[in-house]
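The block underneath contains the structure these notes are about, expressed in structure tokens.
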Amino acid sequence: MISIVRTYLTRLLPQLIALATIVAAVSIVFPGFLNLEIQNGRLYGSLIDILNRGAPVVLLAIGMTVVIATKGIDLSVGAVMAICGAVAASLITSGHSLGVTLLATLAVGVLCGVWNGILVAVLDIQPIIATLVLMVAGRGIAQLITEGAILTFNDAGLIFIGSGSFAGLPMPVVIWLLFGVLVALVVRRSALGMLIEAVGVNREASSLSGVLTPVLLIAAYVLSGLCAAIAGIIAAADIKGADANNAGLWLELDAILAVVVGGTSLLGGRFSIAASVLGAIIIQAINTGILLSGFPPEFNLIIKAAIIVFILVLQSPRFRTAFTFLSIPRAAGKPTEREAK
Amino acid sequence: MQTSDNILSASRIEKGFPGTRALDKVDFHLRRGEVHALLGENGAGKSTLIKCLTGAYRRDGGSILLDGAEVDPRDTFDAQRLGIGTVYQEVNLLPNLTVAENLFLGRQPRRFGMIDTKAMNRRARELLAEYELELDVTRDLASYSVAIQQVVAIARAVDLSGKVLILDEPTASLDAHEVAMLFRIVRRLKARGLGIVFITHFLEQVYEIADRITVLRNGQVVGTRDTAELTRRDLIAMMIGRELAAEIQSARPDAVEGEPRYSFRNYGRRGHVAPFDLDVRAGEVVGMAGLLGSGRTETAEILFGAHRADSGTAEIDGRPVNLSSPRAAIRRKFGFCPEDRKTAGIVGDLSVRENIVLALQARRGWTRPISRAEQNRLADHYIRALDIRTADREKPIKLLSGGNQQKAILARWLATEPELLILDEPTRGIDVGAHAEIVRLIETLREKGMSLIVISSELEELVAYSTRIVVLRDRAHVAELSGDRITAHQIVEAIAAANERGAS
Amino acid sequence: MKFRKALASATILAACMFGSASAAELVVGFSQIGSESGWRAAETTLTKQQAEQRGIDLKFADAQQKQENQIKAIRSFIAQGVNAILLAPVVATGWDEVLQEAKDAEIPVILLDRTVDASKDLYLTAVTSDLVHEGNVAGKWLVDTVAGKPCNVVELQGTTGSSPAIDRKKGFEAALAGKDNLKIIRSQTGDFTRTKGKEVMESFLKAEDGGKNICALYAHNDDMAVGAIQAIKEAGLKPGKDILVVSIDAVPDIFQAMAAGEANATVELTPNMAGPAFDALAAYLKDGKEPPKWIQTESKLYTQADDPMKVYEEKKGLGY
């Protein structure tokens with residue numbers, strides 16, 4: 001048990017270090033960063049903001065991790081967010097109950113995933129092209145649903161998903177925590193995780209070993225679509241309206257980045273959902289940190305890029321090798337080394 | 001010592017990796033105008049020695065004399081410049097450039113600062129003419145066979161270096177005809193005074209081409225001998241340190257009587273293999289022989305459902321079955337070790353454990369995971385039973401040697417307790433020790449009553465363990481040998497007879 | 001909404017089918033960029049309404065964000081021999097040739113909402129708002145409202161580098177110049193979106209002592225203001241009272257917020273560009289009176305005193 005915890009920690013160590021460094025750096029620039037207080041029955045503070053604002057990317061990253069583990073990629077998640085936000089807003093404004101609205105919206109997300117999955121698994125189209133179709137068309141579909149405007153709603157139940165709180169935490173945080181744990185448990189407690197990794201590393205060998213690769217691939221894209229649907233609902237509920245033009249815009253790239261920062265290879269195979277969630281939180285911590293720091297907005301993207309390059313360099317195998325090279329002679333130089341032998 | 005006629009002299013080469021001593025004071029002397037085979041099981045230190053000689057690795061100790069002068073190549077380019085050229089099994093050229101561009105990459109003849117394509121193509125043709133090769137040098141390299149690419153790689157290496165040529169498993173993916181062509185070229189280069197190091201797993205080829213043999217084992221030199229004075233049995237003994245030669249030559253099993261368990265009638269797929277009839281009994285090994293591309297692999301793939309048959313019927317114990325996918329075949333307790341281990345066999349990044357349980361897990365479905373304890377038990381069991389050499393079961397399988405990978409894939413199927421096991425070239429590209437173990441495993445499984453279909457290019461091996469042999473040619477089953485007719489000679493006859501029939 | 005649009009175009013269609021007998025009727029082609037935003041949709045609706053009111057036969061062409069579609073539409077208008085062309089150009093460059101063709105055919109072209117980089121004699125006039133002026137109106141309102149009391153302002157900028165963001169910032173700062181009681185303490189981009197507006201406002205509130213330090217918010221568009229208002233409410237403050245909110249555009253949703261007392265003022269970027277354009281065109285065709293090369297639309301200020309609910313009802317049918 002302890003060894004399992006240790007392997008887990010070792011896997012997540014680079015991400016935890018990166019996150020801690022960013023939090024430390026921001027709290028130096030902005031001392032109130034770590035303050036937490038209770039306000040209106042919920043926790044309130046910049047750290048909570050990070051968890052809350054990061055919700056859409058965290059959710060997208062959960063689905064994206066599994067898709068990337070199958071050696072795929074899902075570029076459509078931002079557009080699917082927009083579609084699902086639009087569907088939710090138009091259903092709730094046309095008088096449907098919250099339950100119907102949520103179920104129908106999630107179903108639309110699943111449908112988008114099935115579409116992507118069939119293009120990839122059955123028609124054998126390269127994932128980047130297959131999902132590009134929905135990425136481009138999806139925003140158009142969302143605009144058709146909202147007729148180009150921001151579709152505002154006032155349903156208290158739906159708004160609660162975006163800005164309500166439960167057990168002191170904002171609802172979006174509660175949702176991604178529960179959903180993330182659920183997905184991670186299902187994937188790791190069943191054999192799904194291993195089968196997905198096998199398909200991602202070697203699809204042909206897996207098929208020949210009897211793995212139902214098409215079903216697994218479709219399932220991965222369905223999960224991604226479902227994640228995007230939840231993210232879309234949260235994003236719409238957050239601003240009490242569906243903004244087809246901007247909801248989820250470019251978030252697919254942030255989600256991919258989160259997976260990469262989380263250390264999952266774009267070549268497929270080994271994956272860690274927890275690491276990707278940390279990756280998403282790291283990205284959001286950077287975003288929030290930049291906003292708090294008060295730099296002129298022209299620097300936002302440059303600062304973000306510089307930090308991310310730094311994190312990726314830390315993770316690169318070459319850097320790690322160089323690092324061990326540097327540390328070996330230093331260790332050898334110590335007199336204690338010989339004594340230890 | 002013998003410096004005068006040695007073109008390359010490596011003395012007391014040492015190289016260590018964390019936890020292992022890969023080379024332990026290795027001496028290796030290559031004469032002018034000789035082909036020197038470098039042999040040893042996987043992990044014996046052959047590649048490490050080559051990499052030290054070509055500068056790909058920094059050696060920890062020892063000296064290298066080239067033409068009597070001490071050299072210290074910093075990298076492979078440096079080695080090339082000094083005169084040591086290397087050609088690997090996987091041709092390391094650029095398939096999307098033309099033959100001429102590949103030959104002169106990085107040193108194209110120039111005119112007014114621009115690449116002089118005309119001169120380059122002319123010189124490429126001249127260069128290849130020395131190898132009796134007339135090619136359209138302006139075509140992409142990829143449009144030629146691996147053998148031709150191999151020769152182009154050799155031509156480039158010799159043209160660049162010209163003193164020592166190292167051939168690392170050059171024949172692994174060539175057919176007999178192409179091997180003969182390659183050997184003609186090697187002899188020609190030898191006559192020109194080059195020193196040639198030849199690394200291979202095919203002992204027949206060693207006896208055909210090599211003048212001397214150096215055997216490595218566990219990072220040490222076991223000895224250097226003249227080929228003419230070394231018997232095969234002694235050579236194998238040098239390589240694996242125990243007498244296995246006799247075991248491979250064990251008595252051939254008797255034919256099995258009784259009703260066939262598996263019978264395929266008029267089974268085939270257009271464009272893959274012509275419809276064939278095939279029966280397999282319990283406790284029987286059916287060997288499949290034929291040249292490369294004769295339809296052996298295609299037969300295996302159709303039997304396993306990797307490609308759907310478009311004609312004929314399949315029956316197990318008299319009941320018709322549908323084998324439309326690997327999953328369907330696996331449900332019928334089939335297992336299949338494909339020929340191309342790397343692309344269709346191993347799941348490289350996953351651990352030995354996961355590779356072993358993969359097929360069993362796939363059959364159980366994702367909702368019924370095999371517990372970690374059970375996985376560990378299965379993995380440990382097969383690692384021990386098949387003597388899979390790995391530091392531990394969590395090591396990624398891609399880090400294992402070819403033979404151990406093959407054993408792990410066999411373990412993957414054995415874990416599903418199959419009743420029909422289809423093995424496509426199970427012993428290709430693996431070291432002698434593992435080779436003998438796999439042959440022994442095939443015999444054990446047969447004795448336990450399993451049915452096996454084994455494809456192999458090594459006729460001696462097929463003859464040793466098959467109860468019957470199906471001979472294929474031109475994507476059709478052309479003959480079946482049983483009883484006393486199972487000899488290498490008869491197989492060759494059958495292929496040749498079919499050839500004549502095909503020609504008429 | 002869809003239905004209403006269809007009805008409107010059917011009416012126009014009917015008008016040209018039955019009304020074409022009238023020789024005096026004007027035929028005007030309108031090449032619109034597309035329908036990428038609510039404001040753009042409202043502009044289209046208003047242009048059609050304005051044409052209908054004046055008995056103008058409007059031929060509408062949606063370019064779907066593509067210049068080549070606009071050029072095609074203009075050529076087809078020329079071929080049909082329209083009396084005038086309205087053009088909302090998707091980009092600033094590349095118009096010289098087709099504008100010259102229109103000029104050769106003696107068809108006046110009026111630019112709507114944006115201008116082009118072409119010789120001024122190639123078009124009759126350009127009807128646009130003045131972005132700097134809009135920022136200025138917003139700034140003046142704030143200066144007048146705080147009436148000399150000290151006030152820390154936070155600013156939500158538009159997309160970094162876009163001309164509305166640059167000009168609306170410039171105009172606002174100009175209005176505040178020399179007023180030492182007003183200070184812009186934080187300024188960040190909210191990308192013109194509600195989501196980013198809310199997120200950035202949350203960070204402003206955290207950074208400025210839970211918002212106690214902030215007296216007013218200036219947002220470069222209403223959408224960001226709407227997002228920011230939610231952030232202020234969630235931080236336990238009262239937008240419109242604890243923090244004054246002024247923004248630009250005058251989209252319907254901000255009037256709802258004003259009606260609820262949560263927003264204080266907005267400056268209208270009118271979608272009615274066609275009205276002034278048609279007026280100028282009528283004068284030009286009647287007695288050849290050349291209008292000025294630039295007709296600036298009114299940047300009207302709306303506050304809570306302007307019956308926001310009524311404005312909301314008027315605006316919400318326009319397709320915003």
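Identifiers for the structure tokens are assigned positionally: chains receive A, B, ... in sequence, residues are indexed from 1 per chain, and ligands are indexed from 1 in the order shown.
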
Contact residues around segment 165-169 of chain A with only C-alpha atoms at 7 Å, ignoring same-chain residues under 4 positions, as an mmCIF file with N, CA and C atoms, in the first residue's frame:
data_model
loop_
_atom_site.group_PDB
_atom_site.id
_atom_site.type_symbol
_atom_site.label_atom_id
_atom_site.label_comp_id
_atom_site.auth_asym_id
_atom_site.auth_seq_id
_atom_site.Cartn_x
_atom_site.Cartn_y
_atom_site.Cartn_z
ATOM 1 N N GLY A 41 -21.080 31.521 3.482
ATOM 2 C CA GLY A 41 -21.123 30.070 3.645
ATOM 3 C C GLY A 41 -20.221 29.305 2.712
ATOM 4 N N ARG A 42 -19.341 29.995 1.997
ATOM 5 C CA ARG A 42 -18.397 29.243 1.163
ATOM 6 C C ARG A 42 -16.998 29.813 1.310
ATOM 7 N N LEU A 43 -16.042 28.969 0.994
ATOM 8 C CA LEU A 43 -14.660 29.425 1.070
ATOM 9 C C LEU A 43 -14.438 30.471 -0.015
ATOM 10 N N VAL A 173 -16.121 23.241 -8.596
ATOM 11 C CA VAL A 173 -15.031 22.480 -7.986
ATOM 12 C C VAL A 173 -15.547 21.136 -7.493
ATOM 13 N N VAL A 174 -16.728 21.181 -6.841
ATOM 14 C CA VAL A 174 -17.320 19.937 -6.347
ATOM 15 C C VAL A 174 -17.527 18.982 -7.524
#

For a quick test of understanding: name the residues of chain A lying within 8 Å of chain C when counting only C-alpha atoms, and present them as a short mmCIF file (atom, residue, chain, number, x, y, z; two decimals) with N, CA, C and O atoms, in the first residue's frame.
data_model
loop_
_atom_site.label_atom_id
_atom_site.label_comp_id
_atom_site.auth_asym_id
_atom_site.auth_seq_id
_atom_site.Cartn_x
_atom_site.Cartn_y
_atom_site.Cartn_z
N PHE A 30 2.14 38.84 -4.66
CA PHE A 30 0.85 39.27 -4.15
C PHE A 30 0.55 38.52 -2.84
O PHE A 30 0.08 37.39 -2.84
N GLY A 32 -1.62 38.50 -0.49
CA GLY A 32 -2.94 38.01 -0.09
C GLY A 32 -3.36 36.74 -0.79
O GLY A 32 -4.47 36.26 -0.60
N GLN A 39 -17.12 33.20 3.36
CA GLN A 39 -18.01 34.32 3.01
C GLN A 39 -19.27 33.74 2.40
O GLN A 39 -19.20 32.91 1.49
N ASN A 40 -20.41 34.15 2.87
CA ASN A 40 -21.70 33.62 2.40
C ASN A 40 -21.70 32.09 2.46
O ASN A 40 -22.21 31.43 1.56
N GLY A 45 -11.36 33.05 -1.75
CA GLY A 45 -9.96 33.43 -1.83
C GLY A 45 -9.39 33.06 -3.18
O GLY A 45 -10.03 32.37 -3.97
N SER A 46 -8.18 33.53 -3.44
CA SER A 46 -7.59 33.31 -4.75
C SER A 46 -7.37 31.83 -5.05
O SER A 46 -7.55 31.38 -6.18
N ASP A 49 -10.46 30.50 -6.20
CA ASP A 49 -10.69 30.99 -7.56
C ASP A 49 -9.98 30.10 -8.59
O ASP A 49 -10.53 29.82 -9.65
N ARG A 53 -12.13 28.56 -11.39
CA ARG A 53 -11.92 29.00 -12.78
C ARG A 53 -11.30 27.90 -13.61
O ARG A 53 -11.47 27.85 -14.82
N GLU A 147 -28.66 31.64 -32.22
CA GLU A 147 -28.91 32.67 -33.23
C GLU A 147 -27.93 33.81 -33.11
O GLU A 147 -28.27 34.98 -33.27
N GLY A 148 -26.69 33.47 -32.78
CA GLY A 148 -25.63 34.47 -32.81
C GLY A 148 -25.55 35.35 -31.59
O GLY A 148 -24.60 36.10 -31.43
N ALA A 149 -26.54 35.29 -30.72
CA ALA A 149 -26.51 36.18 -29.56
C ALA A 149 -26.16 35.40 -28.30
O ALA A 149 -26.07 34.17 -28.33
N ILE A 150 -25.93 36.11 -27.20
CA ILE A 150 -25.74 35.43 -25.93
C ILE A 150 -27.12 35.09 -25.38
O ILE A 150 -27.95 35.97 -25.16
N SER A 163 -22.54 28.97 -9.98
CA SER A 163 -22.03 29.84 -8.92
C SER A 163 -22.54 29.46 -7.54
O SER A 163 -22.30 30.20 -6.58
N ALA A 235 -19.65 26.43 -17.78
CA ALA A 235 -19.26 27.73 -18.35
C ALA A 235 -20.50 28.59 -18.60
O ALA A 235 -20.48 29.80 -18.36
N ASP A 238 -22.06 29.69 -15.26
CA ASP A 238 -21.20 30.68 -14.60
C ASP A 238 -21.58 32.10 -15.01
O ASP A 238 -21.60 33.00 -14.18
N ILE A 239 -21.91 32.30 -16.30
CA ILE A 239 -22.24 33.65 -16.74
C ILE A 239 -23.73 33.78 -17.05
O ILE A 239 -24.17 34.75 -17.65
N ASN A 245 -20.10 32.28 -29.36
CA ASN A 245 -18.87 32.74 -30.00
C ASN A 245 -17.64 32.50 -29.14
O ASN A 245 -16.56 32.28 -29.66
N ASN A 246 -17.81 32.57 -27.83
CA ASN A 246 -16.62 32.57 -26.97
C ASN A 246 -16.53 31.42 -25.99
O ASN A 246 -15.45 31.17 -25.46
N ALA A 247 -17.64 30.70 -25.75
CA ALA A 247 -17.57 29.63 -24.76
C ALA A 247 -16.58 28.57 -25.23
O ALA A 247 -16.67 28.08 -26.35
N THR A 288 -4.34 32.96 -13.11
CA THR A 288 -4.80 33.78 -11.99
C THR A 288 -3.64 34.60 -11.43
O THR A 288 -3.81 35.78 -11.09
N LEU A 291 -3.11 37.61 -13.51
CA LEU A 291 -4.15 38.62 -13.29
C LEU A 291 -3.91 39.36 -11.99
O LEU A 291 -4.09 40.58 -11.91
N LEU A 292 -3.50 38.63 -10.96
CA LEU A 292 -3.30 39.27 -9.66
C LEU A 292 -2.05 40.15 -9.65
O LEU A 292 -1.98 41.13 -8.92
N GLY A 294 -0.86 42.17 -11.70
CA GLY A 294 -1.04 43.53 -12.16
C GLY A 294 -0.12 43.96 -13.29
O GLY A 294 0.03 45.14 -13.56
N PRO A 296 0.80 44.67 -17.18
CA PRO A 296 -0.05 45.08 -18.30
C PRO A 296 -0.44 43.83 -19.11
O PRO A 296 0.36 42.92 -19.25
N PRO A 297 -1.66 43.81 -19.64
CA PRO A 297 -2.16 42.60 -20.31
C PRO A 297 -1.33 42.18 -21.51
O PRO A 297 -1.37 41.02 -21.90
N GLU A 298 -0.56 43.10 -22.10
CA GLU A 298 0.27 42.73 -23.24
C GLU A 298 1.28 41.63 -22.87
O GLU A 298 1.74 40.89 -23.72
#

May I have all residues of segment 336-479 of chain B that DSSP, computed from the backbone, assigns to helix (DSSP H, G or I), given as a ChimeraX atom specification?
/B:341-345,352-364,372-385,397-399,402-414,432-447,459-465

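Of the listed residues (B:Arg341, B:Arg81, B:Arg217, B:Lys25), B:Arg341 comes nearest to chain A; the distances count only C-alpha atoms.
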
Output as a PDB file with all heavy atoms, in the first residue's frame all residues of segment 92-275 of chain A that backbone DSSP marks as strand (DSSP E or B).
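Written file, states15.pdb:
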ATOM      1  N   ILE A 150     -25.933  36.106 -27.201  1.00  0.00           N
ATOM      2  CA  ILE A 150     -25.744  35.428 -25.927  1.00  0.00           C
ATOM      3  C   ILE A 150     -27.121  35.094 -25.377  1.00  0.00           C
ATOM      4  O   ILE A 150     -27.947  35.975 -25.162  1.00  0.00           O
ATOM      5  CB  ILE A 150     -24.965  36.310 -24.944  1.00  0.00           C
ATOM      6  CG1 ILE A 150     -23.547  36.547 -25.462  1.00  0.00           C
ATOM      7  CG2 ILE A 150     -24.924  35.646 -23.572  1.00  0.00           C
ATOM      8  CD1 ILE A 150     -22.713  37.421 -24.575  1.00  0.00           C
ATOM      9  N   LEU A 151     -27.366  33.805 -25.199  1.00  0.00           N
ATOM     10  CA  LEU A 151     -28.683  33.357 -24.767  1.00  0.00           C
ATOM     11  C   LEU A 151     -28.702  33.348 -23.238  1.00  0.00           C
ATOM     12  O   LEU A 151     -28.115  32.485 -22.604  1.00  0.00           O
ATOM     13  CB  LEU A 151     -28.924  31.951 -25.330  1.00  0.00           C
ATOM     14  CG  LEU A 151     -30.347  31.451 -25.422  1.00  0.00           C
ATOM     15  CD1 LEU A 151     -31.237  32.474 -26.116  1.00  0.00           C
ATOM     16  CD2 LEU A 151     -30.377  30.143 -26.206  1.00  0.00           C
ATOM     17  N   THR A 152     -29.367  34.353 -22.671  1.00  0.00           N
ATOM     18  CA  THR A 152     -29.348  34.506 -21.217  1.00  0.00           C
ATOM     19  C   THR A 152     -30.495  33.730 -20.585  1.00  0.00           C
ATOM     20  O   THR A 152     -31.555  33.622 -21.174  1.00  0.00           O
ATOM     21  CB  THR A 152     -29.491  35.992 -20.848  1.00  0.00           C
ATOM     22  OG1 THR A 152     -28.610  36.724 -21.679  1.00  0.00           O
ATOM     23  CG2 THR A 152     -29.141  36.238 -19.407  1.00  0.00           C
ATOM     24  N   SER A 165     -22.687  26.811  -4.126  1.00  0.00           N
ATOM     25  CA  SER A 165     -21.609  26.135  -3.425  1.00  0.00           C
ATOM     26  C   SER A 165     -22.167  24.975  -2.628  1.00  0.00           C
ATOM     27  O   SER A 165     -23.358  24.943  -2.283  1.00  0.00           O
ATOM     28  CB  SER A 165     -20.867  27.111  -2.521  1.00  0.00           C
ATOM     29  OG  SER A 165     -21.728  27.546  -1.492  1.00  0.00           O
ATOM     30  N   PHE A 166     -21.310  24.028  -2.372  1.00  0.00           N
ATOM     31  CA  PHE A 166     -21.689  22.830  -1.625  1.00  0.00           C
ATOM     32  C   PHE A 166     -20.537  22.489  -0.695  1.00  0.00           C
ATOM     33  O   PHE A 166     -19.391  22.415  -1.134  1.00  0.00           O
ATOM     34  CB  PHE A 166     -21.964  21.678  -2.600  1.00  0.00           C
ATOM     35  CG  PHE A 166     -22.381  20.405  -1.916  1.00  0.00           C
ATOM     36  CD1 PHE A 166     -23.688  20.235  -1.474  1.00  0.00           C
ATOM     37  CD2 PHE A 166     -21.461  19.392  -1.686  1.00  0.00           C
ATOM     38  CE1 PHE A 166     -24.062  19.072  -0.832  1.00  0.00           C
ATOM     39  CE2 PHE A 166     -21.844  18.226  -1.042  1.00  0.00           C
ATOM     40  CZ  PHE A 166     -23.152  18.064  -0.608  1.00  0.00           C
ATOM     41  N   LEU A 169     -17.501  24.613  -0.873  1.00  0.00           N
ATOM     42  CA  LEU A 169     -16.741  24.730  -2.124  1.00  0.00           C
ATOM     43  C   LEU A 169     -17.672  25.160  -3.248  1.00  0.00           C
ATOM     44  O   LEU A 169     -18.842  24.781  -3.273  1.00  0.00           O
ATOM     45  CB  LEU A 169     -16.112  23.381  -2.484  1.00  0.00           C
ATOM     46  CG  LEU A 169     -14.901  22.953  -1.660  1.00  0.00           C
ATOM     47  CD1 LEU A 169     -14.511  21.526  -2.029  1.00  0.00           C
ATOM     48  CD2 LEU A 169     -13.727  23.897  -1.906  1.00  0.00           C
ATOM     49  N   PRO A 170     -17.164  25.937  -4.205  1.00  0.00           N
ATOM     50  CA  PRO A 170     -17.986  26.290  -5.367  1.00  0.00           C
ATOM     51  C   PRO A 170     -18.434  25.023  -6.092  1.00  0.00           C
ATOM     52  O   PRO A 170     -17.666  24.059  -6.178  1.00  0.00           O
ATOM     53  CB  PRO A 170     -17.049  27.120  -6.244  1.00  0.00           C
ATOM     54  CG  PRO A 170     -15.942  27.547  -5.351  1.00  0.00           C
ATOM     55  CD  PRO A 170     -15.830  26.523  -4.268  1.00  0.00           C
ATOM     56  N   GLY A 241     -25.551  32.507 -19.129  1.00  0.00           N
ATOM     57  CA  GLY A 241     -25.881  32.668 -20.538  1.00  0.00           C
ATOM     58  C   GLY A 241     -24.964  31.813 -21.398  1.00  0.00           C
ATOM     59  O   GLY A 241     -23.856  31.462 -20.982  1.00  0.00           O
ATOM     60  N   ALA A 242     -25.450  31.469 -22.581  1.00  0.00           N
ATOM     61  CA  ALA A 242     -24.646  30.679 -23.505  1.00  0.00           C
ATOM     62  C   ALA A 242     -24.057  31.609 -24.561  1.00  0.00           C
ATOM     63  O   ALA A 242     -24.788  32.238 -25.318  1.00  0.00           O
ATOM     64  CB  ALA A 242     -25.500  29.607 -24.167  1.00  0.00           C
ATOM     65  N   ASP A 243     -22.737  31.710 -24.569  1.00  0.00           N
ATOM     66  CA  ASP A 243     -22.043  32.584 -25.508  1.00  0.00           C
ATOM     67  C   ASP A 243     -21.399  31.715 -26.575  1.00  0.00           C
ATOM     68  O   ASP A 243     -20.280  31.231 -26.411  1.00  0.00           O
ATOM     69  CB  ASP A 243     -20.998  33.403 -24.736  1.00  0.00           C
ATOM     70  CG  ASP A 243     -20.304  34.424 -25.620  1.00  0.00           C
ATOM     71  OD1 ASP A 243     -20.499  34.373 -26.845  1.00  0.00           O
ATOM     72  OD2 ASP A 243     -19.574  35.270 -25.077  1.00  0.00           O
TER      73      ASP A 243
END

Within 8 Å of chain B, which residues of chain A show up when using only C-alpha atoms, listed as a PyMOL selection string?
chain A and resi 189-192+194-195+197-198+201-202+204-212+269-270

Can you tell me, as number ranges by chain, what residues are no more than 12 Å from Leu285 of chain C when counting only C-alpha atoms, ignoring any on the same chain fewer than 4 positions away?
C: 24-26, 83-84, 106-108, 124, 278-281, 289-291

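Neighbours of Lys66 of chain C closer than or equal to 10 Å, with only C-alpha atoms counted and sequence neighbours fewer than 4 positions away skipped, come out as Ile33, Gly34, Asp62, Gln70, Ile71, Pro89, Val90 and Val91 of chain C.
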
Those residues you just picked out, can you put them in a file as a PDB file, in the first residue's frame with N, CA and C atoms?
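And here is the file that came out, again.pdb:
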ATOM      1  N   ILE C  33     -21.114  41.838 -43.391  1.00  0.00           N
ATOM      2  CA  ILE C  33     -20.001  40.933 -43.089  1.00  0.00           C
ATOM      3  C   ILE C  33     -20.506  39.526 -42.798  1.00  0.00           C
ATOM      4  N   GLY C  34     -21.511  39.454 -41.933  1.00  0.00           N
ATOM      5  CA  GLY C  34     -22.015  38.144 -41.532  1.00  0.00           C
ATOM      6  C   GLY C  34     -22.882  38.328 -40.312  1.00  0.00           C
ATOM      7  N   ASP C  62     -25.199  38.323 -47.363  1.00  0.00           N
ATOM      8  CA  ASP C  62     -24.401  37.960 -46.190  1.00  0.00           C
ATOM      9  C   ASP C  62     -23.085  37.348 -46.675  1.00  0.00           C
ATOM     10  N   GLN C  70     -17.902  39.402 -50.451  1.00  0.00           N
ATOM     11  CA  GLN C  70     -18.353  40.794 -50.500  1.00  0.00           C
ATOM     12  C   GLN C  70     -18.091  41.392 -51.883  1.00  0.00           C
ATOM     13  N   ILE C  71     -16.905  41.089 -52.416  1.00  0.00           N
ATOM     14  CA  ILE C  71     -16.561  41.614 -53.743  1.00  0.00           C
ATOM     15  C   ILE C  71     -17.527  41.066 -54.789  1.00  0.00           C
ATOM     16  N   PRO C  89     -17.365  46.582 -44.512  1.00  0.00           N
ATOM     17  CA  PRO C  89     -16.203  45.820 -44.986  1.00  0.00           C
ATOM     18  C   PRO C  89     -15.620  44.902 -43.902  1.00  0.00           C
ATOM     19  N   VAL C  90     -15.337  43.654 -44.279  1.00  0.00           N
ATOM     20  CA  VAL C  90     -14.804  42.696 -43.311  1.00  0.00           C
ATOM     21  C   VAL C  90     -13.342  42.986 -42.985  1.00  0.00           C
ATOM     22  N   VAL C  91     -12.583  43.500 -43.967  1.00  0.00           N
ATOM     23  CA  VAL C  91     -11.198  43.910 -43.725  1.00  0.00           C
ATOM     24  C   VAL C  91     -11.003  45.308 -44.321  1.00  0.00           C
TER      25      VAL C  91
END

Applying 12 Å and only C-alpha atoms, which residues near segment 111-115 of chain A remain after dropping the ones on its own chain fewer than 6 positions away? List them as a VMD selection string.
chain A and resid 63 to 64 67 73 to 84 104 to 105 121 to 123 125 127 130 to 135 137 to 138 141 214 to 229

Kindly indicate which residue among C:Leu182, C:Leu112, C:Leu156, C:Ile243 lies nearest to Gln296 of chain C, using only C-alpha atoms for the distances.
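So, comparing all the options, the nearest one is C:Leu112.
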